[in-house]
Amino acid sequence: MYEKPTINRVDFAMASKYGSPLKTQKVRSEIDGVSVHDLVNKYGSPLFVFSERIIEEKYHEFKNAFTSRYPEVEFWWSYKTNYLDAICKIYHKLGSKAEVVSEFEYEKARRLGIEGKNIIFNGPYKPKDALKKAVEEGAKIHIDHWYEINDLEEIAEELGIEIPVAIRCNMDTGVYPQWSRFGFNIDNGEAYDAVKRIYEGKKLYLTGLHSHIGTFMLSANAYANETKKLIELKNKIEKDFGYEIEYIDVGGGFASKNRLKGVYQAPEVIVPSADEYAEAITNAIFETNKGKLPKLYLETGRALIDEAGFLLTTVFAAKRMPDGKKSYIVDAGVNLLYTAFWYNFEIALDKRYEGLNEPSQINGPLCMNIDVISENIMLPPLKRGSVLSIWPVGAYNVTQSMQFIRYRPRIILIDKNSNTHLIKEADDLNYIVEKEIIPDYLKG
Ligand SMILES: *Cc1c(COP(=O)(O)O)cnc(C)c1O
């Protein structure tokens, strides 16, 4: 196809907002031994691809980092990070239990065969009947607020039992903004008061302390501060109320090797390793704990799954914008990549291309100005049919993907033997209109 020629200034070796103009092309022609072209030919484009190999590698990296330092460690898979059945199954097979934050997620875990006692029920909004069911099934309830203490006391009364509970705590860990809207504050004494209230109510008893201090936390030291405060609270309430705290749950929030917008250092440089997080947390326990060592629970989501997810997308058209910048239209939009607003993903080409890299923008297929996958990227001339792989996208994109304008695509899993499996079918018209109702007077 004819394209009007343009002249672009080439700033040799000068880094700009596009990166270095001489940067080599990033190529990803296959994932776990399967060609990206074969994948889109077989399953269509766009296509989410998950790698079982990477899921297992990441899990073992984090598991080993903690179990080599601490006697009793348990992983609880954060459902909201990615609750595709097949993905949850892999984590459960690896030994993770379930962490849920709604009755929907609770039901999804139960449907996968996870027993109540192997589910942590977190979150600020637990409707009373869902809470009661979870209590009856022996789930671990992490209390978020004072109303929930009352709800649980009523449930204890109704069932004629004493209910084991944990409380969620928040605190200053040196990282701002502080996530202070969940749970009870340790620094101002609220968490201690909540425990006192539970103790005096005599219908609940405390078995755990929980906190989840944020997400994509780039400071291992924040976890040292968090853990120290949780253990100090544990020491105090064991002494004052005679409780034996079975576990402390330090939550999730470890960063993945994604590139935050506005952060110019490479993820390899600024993201703490599993060992650094583990060292900070376990040292804080050993240094602070009095009495019996508690079990250590982790609710890691993002750091385990993000790098195992890819989104393949195909170039549909190229344009030249008035300012001379090249623009590509691809078939995956921000409705599939909610996290595109925070991260500069790595975007790799299916093969090496002839021609000079030039400043380019990648736009999705939505008829919306905000549908930008990458604003500034150096790309060689691409043609219709070029396949790009966007990475890492395994955390939060599938669960937050939105049916908007277009059908959501298929999702596949590549197992450790490089076999591919469809794990979610694409949307279709029936799926989308299934729940719609036309009032009688508008029919005909
Ligand atoms: C979302 C969430 C997690 C997982 O967080 P990541 O940042 O994905 O590791 C863990 N615990 C709770 C309570 C959460 O809300």
# chains A, B, ... in the order shown; residues from 1 in each chain; ligands from 1
$ select_by_dssp --residues "stretch 173-264 of chain A" --states "strand (DSSP E)" --output "JSON, numbers by chain"
{"A": [184, 185, 204, 205, 206, 207, 208, 209, 210, 247, 248, 249]}
$ closest_atom_pairs --of "stretch 50-92 of chain A" --to "stretch 282-292 of chain A" --cutoff "12 Å" --atoms "only C-alpha atoms" --output "tab-separated table"
residue	atom	partner	partner_atom	distance
A:Ala65	CA	A:Thr282	CA	10.1
A:Phe66	CA	A:Thr282	CA	7.8
A:Thr67	CA	A:Thr282	CA	9.9
A:Ser68	CA	A:Thr282	CA	10.3
A:Arg69	CA	A:Thr282	CA	6.8
A:Tyr70	CA	A:Thr282	CA	6.6
A:Pro71	CA	A:Thr282	CA	10.0
A:Glu72	CA	A:Thr282	CA	10.9
A:Val73	CA	A:Thr282	CA	10.4
$ write_last_selection --atoms "N, CA, C and O atoms" --output "compact mmCIF listing (two decimals), in the first residue's frame"
# COMPACT_ATOMS: atom_id res chain seq x y z
N ALA A 65 11.73 -18.65 49.19
CA ALA A 65 12.27 -17.50 49.91
C ALA A 65 11.74 -17.48 51.35
O ALA A 65 12.48 -17.18 52.29
N PHE A 66 10.47 -17.82 51.53
CA PHE A 66 9.88 -17.76 52.88
C PHE A 66 10.12 -19.05 53.67
O PHE A 66 10.49 -18.99 54.84
N THR A 67 9.94 -20.21 53.04
CA THR A 67 10.06 -21.45 53.83
C THR A 67 11.50 -21.75 54.21
O THR A 67 11.74 -22.47 55.17
N SER A 68 12.46 -21.18 53.46
CA SER A 68 13.85 -21.40 53.86
C SER A 68 14.22 -20.55 55.08
O SER A 68 15.26 -20.74 55.69
N ARG A 69 13.35 -19.58 55.42
CA ARG A 69 13.66 -18.69 56.55
C ARG A 69 12.73 -18.87 57.74
O ARG A 69 13.03 -18.37 58.83
N TYR A 70 11.57 -19.52 57.51
CA TYR A 70 10.56 -19.51 58.56
C TYR A 70 9.85 -20.87 58.59
O TYR A 70 9.56 -21.45 57.55
N PRO A 71 9.56 -21.35 59.82
CA PRO A 71 9.04 -22.72 59.91
C PRO A 71 7.66 -22.93 59.29
O PRO A 71 7.47 -23.89 58.55
N GLU A 72 6.69 -22.09 59.59
CA GLU A 72 5.34 -22.37 59.09
C GLU A 72 4.80 -21.23 58.25
O GLU A 72 4.47 -20.16 58.77
N VAL A 73 4.73 -21.48 56.95
CA VAL A 73 4.31 -20.44 56.00
C VAL A 73 3.16 -20.99 55.17
O VAL A 73 3.20 -22.14 54.73
$ closest_residue --among "A:Gly444, A:Pro439, A:Pro359, A:Pro46" --to "A:Ser374" --atoms "only C-alpha atoms"
A:Pro359
$ closest_residue --among "A:Gly208, A:Gly214, A:Gly242, A:Gly95" --to "ligand 1" --atoms "only C-alpha atoms and all ligand atoms"
A:Gly214
$ residues_near_ligand --ligand "ligand 1" --cutoff "6 Å" --atoms "only C-alpha atoms and all ligand atoms" --output "list of chain:residue names"
A:Ser78, A:Thr81, A:Asn122, A:His212, A:Thr215, A:Phe216, A:Gly251, A:Gly252, A:Gly253, A:Phe254, A:Glu299, A:Thr300, A:Gly301, A:Arg302
$ residues_around --residues "A:Ile370" --least-positions-apart "2" --cutoff "12 Å" --atoms "only C-alpha atoms" --output "short mmCIF file (atom, residue, chain, number, x, y, z; two decimals) with all heavy atoms, in the first residue's frame"
data_model
loop_
_atom_site.label_atom_id
_atom_site.label_comp_id
_atom_site.auth_asym_id
_atom_site.auth_seq_id
_atom_site.Cartn_x
_atom_site.Cartn_y
_atom_site.Cartn_z
N GLY A 333 -7.72 -3.34 23.20
CA GLY A 333 -7.87 -2.00 23.76
C GLY A 333 -7.76 -1.96 25.27
O GLY A 333 -7.55 -3.00 25.93
N VAL A 334 -7.89 -0.74 25.82
CA VAL A 334 -7.74 -0.59 27.27
C VAL A 334 -8.90 -1.24 28.04
O VAL A 334 -8.79 -1.43 29.26
CB VAL A 334 -7.60 0.89 27.70
CG1 VAL A 334 -6.26 1.45 27.27
CG2 VAL A 334 -8.75 1.74 27.19
N ASN A 335 -9.97 -1.62 27.35
CA ASN A 335 -11.03 -2.36 28.05
C ASN A 335 -10.52 -3.74 28.49
O ASN A 335 -11.09 -4.36 29.36
CB ASN A 335 -12.29 -2.49 27.18
CG ASN A 335 -12.04 -3.21 25.87
OD1 ASN A 335 -11.01 -3.00 25.22
ND2 ASN A 335 -12.95 -4.07 25.49
N LEU A 337 -7.13 -4.03 29.14
CA LEU A 337 -5.86 -3.72 29.81
C LEU A 337 -6.05 -2.56 30.76
O LEU A 337 -5.48 -1.49 30.57
CB LEU A 337 -4.80 -3.34 28.77
CG LEU A 337 -4.12 -4.47 28.03
CD1 LEU A 337 -3.11 -3.90 27.03
CD2 LEU A 337 -3.41 -5.41 28.99
N TYR A 338 -6.84 -2.83 31.76
CA TYR A 338 -7.14 -1.81 32.75
C TYR A 338 -5.85 -1.19 33.31
O TYR A 338 -5.78 -0.01 33.58
CB TYR A 338 -7.96 -2.47 33.85
CG TYR A 338 -8.53 -1.55 34.87
CD1 TYR A 338 -9.62 -0.76 34.56
CD2 TYR A 338 -7.99 -1.47 36.15
CE1 TYR A 338 -10.16 0.09 35.51
CE2 TYR A 338 -8.53 -0.63 37.10
CZ TYR A 338 -9.62 0.15 36.77
OH TYR A 338 -10.15 0.98 37.70
N ALA A 340 -3.15 -0.53 31.92
CA ALA A 340 -2.38 0.30 30.99
C ALA A 340 -2.28 1.75 31.47
O ALA A 340 -1.39 2.49 31.06
CB ALA A 340 -3.01 0.26 29.60
N PHE A 341 -3.22 2.16 32.36
CA PHE A 341 -3.16 3.53 32.85
C PHE A 341 -2.00 3.74 33.82
O PHE A 341 -1.59 4.87 34.06
CB PHE A 341 -4.50 3.91 33.52
CG PHE A 341 -5.66 3.82 32.55
CD1 PHE A 341 -6.65 2.86 32.70
CD2 PHE A 341 -5.73 4.68 31.46
CE1 PHE A 341 -7.71 2.78 31.79
CE2 PHE A 341 -6.78 4.61 30.55
CZ PHE A 341 -7.78 3.65 30.71
N ILE A 362 0.68 3.34 20.00
CA ILE A 362 -0.16 2.17 19.72
C ILE A 362 -1.54 2.42 20.30
O ILE A 362 -1.69 2.64 21.51
CB ILE A 362 0.45 0.89 20.32
CG1 ILE A 362 1.85 0.66 19.75
CG2 ILE A 362 -0.44 -0.32 20.02
CD1 ILE A 362 2.57 -0.53 20.35
N ASN A 363 -2.53 2.41 19.45
CA ASN A 363 -3.91 2.65 19.87
C ASN A 363 -4.74 1.39 19.74
O ASN A 363 -4.54 0.61 18.81
CB ASN A 363 -4.53 3.76 19.02
CG ASN A 363 -3.81 5.08 19.20
OD1 ASN A 363 -3.54 5.49 20.32
ND2 ASN A 363 -3.48 5.73 18.11
N GLY A 364 -5.70 1.24 20.65
CA GLY A 364 -6.61 0.10 20.58
C GLY A 364 -7.72 0.34 19.56
O GLY A 364 -7.75 1.37 18.90
N PRO A 365 -8.66 -0.61 19.46
CA PRO A 365 -9.71 -0.56 18.45
C PRO A 365 -10.95 0.23 18.87
O PRO A 365 -11.87 0.38 18.08
CB PRO A 365 -10.07 -2.03 18.29
CG PRO A 365 -9.88 -2.59 19.67
CD PRO A 365 -8.71 -1.85 20.27
N LEU A 366 -10.99 0.72 20.11
CA LEU A 366 -12.20 1.38 20.60
C LEU A 366 -12.31 2.78 20.00
O LEU A 366 -11.31 3.45 19.77
CB LEU A 366 -12.17 1.49 22.13
CG LEU A 366 -11.92 0.19 22.89
CD1 LEU A 366 -11.91 0.46 24.40
CD2 LEU A 366 -12.97 -0.86 22.56
N CYS A 367 -13.52 3.21 19.79
CA CYS A 367 -13.72 4.55 19.26
C CYS A 367 -13.74 5.53 20.42
O CYS A 367 -14.75 6.17 20.71
CB CYS A 367 -15.01 4.58 18.46
SG CYS A 367 -15.10 6.01 17.39
N MET A 368 -12.61 5.59 21.13
CA MET A 368 -12.48 6.40 22.34
C MET A 368 -11.08 6.96 22.37
O MET A 368 -10.11 6.21 22.20
CB MET A 368 -12.61 5.52 23.59
CG MET A 368 -13.94 4.83 23.78
SD MET A 368 -15.17 5.93 24.47
CE MET A 368 -14.56 6.14 26.12
N VAL A 372 -5.39 4.08 24.43
CA VAL A 372 -3.98 4.12 24.07
C VAL A 372 -3.24 3.03 24.84
O VAL A 372 -3.27 3.01 26.07
CB VAL A 372 -3.37 5.51 24.42
CG1 VAL A 372 -1.90 5.55 24.01
CG2 VAL A 372 -4.15 6.62 23.76
N ILE A 373 -2.61 2.13 24.11
CA ILE A 373 -1.85 1.05 24.75
C ILE A 373 -0.43 1.55 25.06
O ILE A 373 0.15 1.20 26.08
CB ILE A 373 -1.75 -0.19 23.82
CG1 ILE A 373 -3.14 -0.67 23.43
CG2 ILE A 373 -0.92 -1.29 24.45
CD1 ILE A 373 -3.94 -1.28 24.53
N SER A 374 0.14 2.32 24.15
CA SER A 374 1.45 2.90 24.40
C SER A 374 1.56 4.23 23.68
O SER A 374 1.33 4.31 22.47
CB SER A 374 2.56 1.96 23.92
OG SER A 374 3.80 2.56 24.16
N GLU A 375 1.88 5.27 24.44
CA GLU A 375 1.91 6.61 23.87
C GLU A 375 3.21 6.87 23.13
O GLU A 375 3.22 7.54 22.11
CB GLU A 375 1.76 7.61 25.02
CG GLU A 375 0.84 8.74 24.70
CD GLU A 375 0.48 9.49 25.96
OE1 GLU A 375 0.39 8.86 27.03
OE2 GLU A 375 0.31 10.71 25.87
#
$ closest_residue --among "A:Leu293, A:Val40, A:Leu349, A:Leu218" --to "A:Pro380" --atoms "only C-alpha atoms"
A:Leu349
$ residues_around --residues "A:Tyr79" --least-positions-apart "4" --cutoff "10 Å" --atoms "only C-alpha atoms" --output "MDAnalysis selection string"
chainID A and resid 83:85 87:88 98:102 105:106 108:109 299 301 396 399
$ write_last_selection --atoms "all heavy atoms" --output "compact mmCIF listing (two decimals), in the first residue's frame"
# COMPACT_ATOMS: atom_id res chain seq x y z
N TYR A 83 -9.11 -14.59 38.97
CA TYR A 83 -9.94 -15.71 39.46
C TYR A 83 -10.45 -16.61 38.35
O TYR A 83 -11.48 -17.26 38.51
CB TYR A 83 -11.06 -15.25 40.39
CG TYR A 83 -11.86 -14.04 40.00
CD1 TYR A 83 -12.55 -13.98 38.79
CD2 TYR A 83 -11.96 -12.97 40.88
CE1 TYR A 83 -13.30 -12.86 38.47
CE2 TYR A 83 -12.71 -11.85 40.56
CZ TYR A 83 -13.38 -11.80 39.35
OH TYR A 83 -14.12 -10.70 39.04
N LEU A 84 -9.74 -16.69 37.25
CA LEU A 84 -10.08 -17.71 36.26
C LEU A 84 -9.97 -19.07 36.95
O LEU A 84 -8.98 -19.34 37.65
CB LEU A 84 -9.10 -17.66 35.09
CG LEU A 84 -9.24 -16.47 34.13
CD1 LEU A 84 -8.01 -16.34 33.25
CD2 LEU A 84 -10.51 -16.62 33.30
N ASP A 85 -10.95 -19.95 36.73
CA ASP A 85 -10.94 -21.26 37.39
C ASP A 85 -9.62 -22.00 37.18
O ASP A 85 -9.04 -22.54 38.12
CB ASP A 85 -12.09 -22.14 36.85
CG ASP A 85 -13.44 -21.78 37.49
OD1 ASP A 85 -13.45 -20.99 38.45
OD2 ASP A 85 -14.46 -22.29 37.00
N ILE A 87 -6.67 -20.93 36.48
CA ILE A 87 -5.54 -20.30 37.19
C ILE A 87 -5.62 -20.64 38.68
O ILE A 87 -4.63 -21.02 39.31
CB ILE A 87 -5.55 -18.77 36.96
CG1 ILE A 87 -5.41 -18.44 35.46
CG2 ILE A 87 -4.48 -18.08 37.81
CD1 ILE A 87 -4.09 -18.78 34.83
N CYS A 88 -6.82 -20.50 39.27
CA CYS A 88 -6.98 -20.84 40.70
C CYS A 88 -6.62 -22.30 40.93
O CYS A 88 -5.96 -22.64 41.92
CB CYS A 88 -8.41 -20.57 41.16
SG CYS A 88 -8.88 -18.83 41.12
N ALA A 98 -7.24 -20.23 49.63
CA ALA A 98 -7.94 -19.16 48.91
C ALA A 98 -8.14 -17.94 49.79
O ALA A 98 -8.47 -18.06 50.98
CB ALA A 98 -9.28 -19.65 48.39
N GLU A 99 -7.98 -16.75 49.21
CA GLU A 99 -8.27 -15.49 49.90
C GLU A 99 -9.29 -14.74 49.05
O GLU A 99 -9.05 -14.47 47.88
CB GLU A 99 -6.98 -14.66 50.05
CG GLU A 99 -7.15 -13.38 50.85
CD GLU A 99 -7.53 -12.16 50.03
OE1 GLU A 99 -7.24 -12.11 48.82
OE2 GLU A 99 -8.14 -11.24 50.61
N VAL A 100 -10.46 -14.45 49.64
CA VAL A 100 -11.54 -13.83 48.86
C VAL A 100 -12.00 -12.55 49.55
O VAL A 100 -11.83 -12.37 50.75
CB VAL A 100 -12.73 -14.80 48.68
CG1 VAL A 100 -12.28 -16.12 48.06
CG2 VAL A 100 -13.46 -15.05 50.00
N VAL A 101 -12.59 -11.66 48.76
CA VAL A 101 -13.03 -10.38 49.30
C VAL A 101 -14.50 -10.08 48.96
O VAL A 101 -14.93 -8.94 49.04
CB VAL A 101 -12.12 -9.21 48.81
CG1 VAL A 101 -10.75 -9.31 49.46
CG2 VAL A 101 -11.98 -9.19 47.30
N SER A 102 -15.26 -11.10 48.58
CA SER A 102 -16.69 -10.89 48.34
C SER A 102 -17.39 -12.24 48.40
O SER A 102 -16.74 -13.29 48.34
CB SER A 102 -16.94 -10.26 46.98
OG SER A 102 -16.67 -11.20 45.95
N GLU A 105 -16.66 -14.18 45.16
CA GLU A 105 -15.38 -14.90 45.16
C GLU A 105 -15.42 -16.10 46.10
O GLU A 105 -14.85 -17.15 45.82
CB GLU A 105 -14.23 -13.96 45.56
CG GLU A 105 -13.91 -12.91 44.50
CD GLU A 105 -12.68 -12.06 44.85
OE1 GLU A 105 -12.11 -12.23 45.95
OE2 GLU A 105 -12.31 -11.23 44.02
N TYR A 106 -16.13 -15.91 47.22
CA TYR A 106 -16.27 -17.02 48.17
C TYR A 106 -16.96 -18.21 47.49
O TYR A 106 -16.50 -19.35 47.57
CB TYR A 106 -17.07 -16.56 49.41
CG TYR A 106 -17.16 -17.61 50.49
CD1 TYR A 106 -16.15 -17.75 51.44
CD2 TYR A 106 -18.25 -18.48 50.54
CE1 TYR A 106 -16.22 -18.73 52.41
CE2 TYR A 106 -18.33 -19.47 51.52
CZ TYR A 106 -17.31 -19.58 52.46
OH TYR A 106 -17.38 -20.56 53.42
N LYS A 108 -17.13 -18.81 44.34
CA LYS A 108 -16.28 -19.34 43.26
C LYS A 108 -15.25 -20.33 43.85
O LYS A 108 -15.01 -21.40 43.30
CB LYS A 108 -15.58 -18.19 42.54
CG LYS A 108 -15.25 -18.51 41.08
CD LYS A 108 -14.98 -17.23 40.29
CE LYS A 108 -14.92 -17.49 38.79
NZ LYS A 108 -13.80 -18.27 38.32
N ALA A 109 -14.68 -19.97 45.00
CA ALA A 109 -13.71 -20.87 45.64
C ALA A 109 -14.39 -22.15 46.10
O ALA A 109 -13.87 -23.26 45.91
CB ALA A 109 -13.03 -20.16 46.82
N GLU A 299 -0.74 -13.36 51.28
CA GLU A 299 -1.85 -13.29 50.31
C GLU A 299 -1.34 -12.70 49.00
O GLU A 299 -2.01 -11.88 48.37
CB GLU A 299 -2.97 -12.40 50.86
CG GLU A 299 -3.54 -12.87 52.19
CD GLU A 299 -4.47 -11.84 52.82
OE1 GLU A 299 -4.46 -10.67 52.40
OE2 GLU A 299 -5.21 -12.22 53.74
N GLY A 301 -0.62 -11.75 45.40
CA GLY A 301 -1.34 -11.90 44.13
C GLY A 301 -0.45 -11.50 42.97
O GLY A 301 0.18 -12.32 42.31
N TYR A 396 -4.73 -8.64 37.49
CA TYR A 396 -5.83 -7.66 37.48
C TYR A 396 -6.44 -7.35 36.12
O TYR A 396 -7.56 -6.84 36.06
CB TYR A 396 -5.41 -6.34 38.18
CG TYR A 396 -5.11 -6.58 39.65
CD1 TYR A 396 -3.81 -6.68 40.12
CD2 TYR A 396 -6.15 -6.78 40.54
CE1 TYR A 396 -3.55 -6.95 41.45
CE2 TYR A 396 -5.91 -7.04 41.88
CZ TYR A 396 -4.60 -7.13 42.33
OH TYR A 396 -4.36 -7.41 43.64
N THR A 399 -9.50 -9.94 35.47
CA THR A 399 -10.62 -9.73 36.40
C THR A 399 -11.27 -8.36 36.22
O THR A 399 -12.45 -8.21 36.48
CB THR A 399 -10.19 -9.91 37.87
OG1 THR A 399 -8.93 -9.28 38.07
CG2 THR A 399 -10.09 -11.37 38.25
$ atom_distance --atom1 "atom CA of A:Lys117" --atom2 "atom CA of A:Glu56"
24.3 Å
$ select_by_dssp --residues "stretch 171-253 of chain A" --states "helix (DSSP H, G or I)" --output "ChimeraX atom specification"
/A:190-201,220-241
$ write_last_selection --atoms "C-alpha atoms" --output "PDB file, in the first residue's frame"
ATOM      1  CA  GLU A 190      -7.956   1.489  67.674  1.00  0.00           C
ATOM      2  CA  ALA A 191      -6.798  -2.061  66.868  1.00  0.00           C
ATOM      3  CA  TYR A 192      -6.087  -2.707  70.555  1.00  0.00           C
ATOM      4  CA  ASP A 193      -9.519  -1.344  71.460  1.00  0.00           C
ATOM      5  CA  ALA A 194     -11.170  -3.615  68.878  1.00  0.00           C
ATOM      6  CA  VAL A 195      -9.476  -6.640  70.454  1.00  0.00           C
ATOM      7  CA  LYS A 196     -10.568  -5.480  73.904  1.00  0.00           C
ATOM      8  CA  ARG A 197     -14.128  -5.118  72.631  1.00  0.00           C
ATOM      9  CA  ILE A 198     -14.003  -8.642  71.142  1.00  0.00           C
ATOM     10  CA  TYR A 199     -12.636  -9.997  74.412  1.00  0.00           C
ATOM     11  CA  GLU A 200     -15.279  -8.327  76.518  1.00  0.00           C
ATOM     12  CA  GLY A 201     -18.119  -9.406  74.213  1.00  0.00           C
ATOM     13  CA  ALA A 220      10.829  -4.233  51.523  1.00  0.00           C
ATOM     14  CA  ASN A 221      11.337  -2.071  54.592  1.00  0.00           C
ATOM     15  CA  ALA A 222       7.617  -1.208  54.664  1.00  0.00           C
ATOM     16  CA  TYR A 223       7.001  -4.917  55.330  1.00  0.00           C
ATOM     17  CA  ALA A 224       9.553  -4.907  58.134  1.00  0.00           C
ATOM     18  CA  ASN A 225       7.652  -1.981  59.717  1.00  0.00           C
ATOM     19  CA  GLU A 226       4.285  -3.659  59.169  1.00  0.00           C
ATOM     20  CA  THR A 227       5.410  -6.977  60.634  1.00  0.00           C
ATOM     21  CA  LYS A 228       7.049  -5.358  63.631  1.00  0.00           C
ATOM     22  CA  LYS A 229       3.835  -3.472  64.476  1.00  0.00           C
ATOM     23  CA  LEU A 230       1.680  -6.575  64.043  1.00  0.00           C
ATOM     24  CA  ILE A 231       3.964  -8.628  66.302  1.00  0.00           C
ATOM     25  CA  GLU A 232       4.130  -5.882  68.947  1.00  0.00           C
ATOM     26  CA  LEU A 233       0.328  -5.836  68.990  1.00  0.00           C
ATOM     27  CA  LYS A 234       0.311  -9.635  69.205  1.00  0.00           C
ATOM     28  CA  ASN A 235       2.704  -9.592  72.185  1.00  0.00           C
ATOM     29  CA  LYS A 236       0.566  -7.032  73.995  1.00  0.00           C
ATOM     30  CA  ILE A 237      -2.809  -8.690  73.485  1.00  0.00           C
ATOM     31  CA  GLU A 238      -1.461 -12.126  74.377  1.00  0.00           C
ATOM     32  CA  LYS A 239      -0.235 -10.662  77.642  1.00  0.00           C
ATOM     33  CA  ASP A 240      -3.320  -8.549  78.404  1.00  0.00           C
ATOM     34  CA  PHE A 241      -6.076 -10.955  77.317  1.00  0.00           C
TER      35      PHE A 241
END
$ atom_distance --atom1 "atom CA of A:Val398" --atom2 "atom CA of A:Ile423"
12.1 Å
$ residues_around --residues "A:Lys97" --least-positions-apart "6" --cutoff "7 Å" --atoms "only C-alpha atoms" --output "PDB file with C-alpha atoms, in the first residue's frame"
ATOM      1  CA  PHE A  75       0.094 -19.005  50.784  1.00  0.00           C
ATOM      2  CA  TRP A  76      -3.480 -17.879  50.181  1.00  0.00           C
ATOM      3  CA  TRP A  77      -4.253 -17.123  46.543  1.00  0.00           C
ATOM      4  CA  ASN A 118      -9.183 -23.104  53.643  1.00  0.00           C
ATOM      5  CA  ILE A 119     -10.711 -19.739  52.728  1.00  0.00           C
TER       6      ILE A 119
END
$ closest_residue --among "A:Ile347, A:Ile281, A:Met378, A:Ile143" --to "A:Pro392" --atoms "only C-alpha atoms"
A:Ile347
$ atom_distance --atom1 "atom CA of A:Lys58" --atom2 "atom CA of A:Val250"
18.6 Å
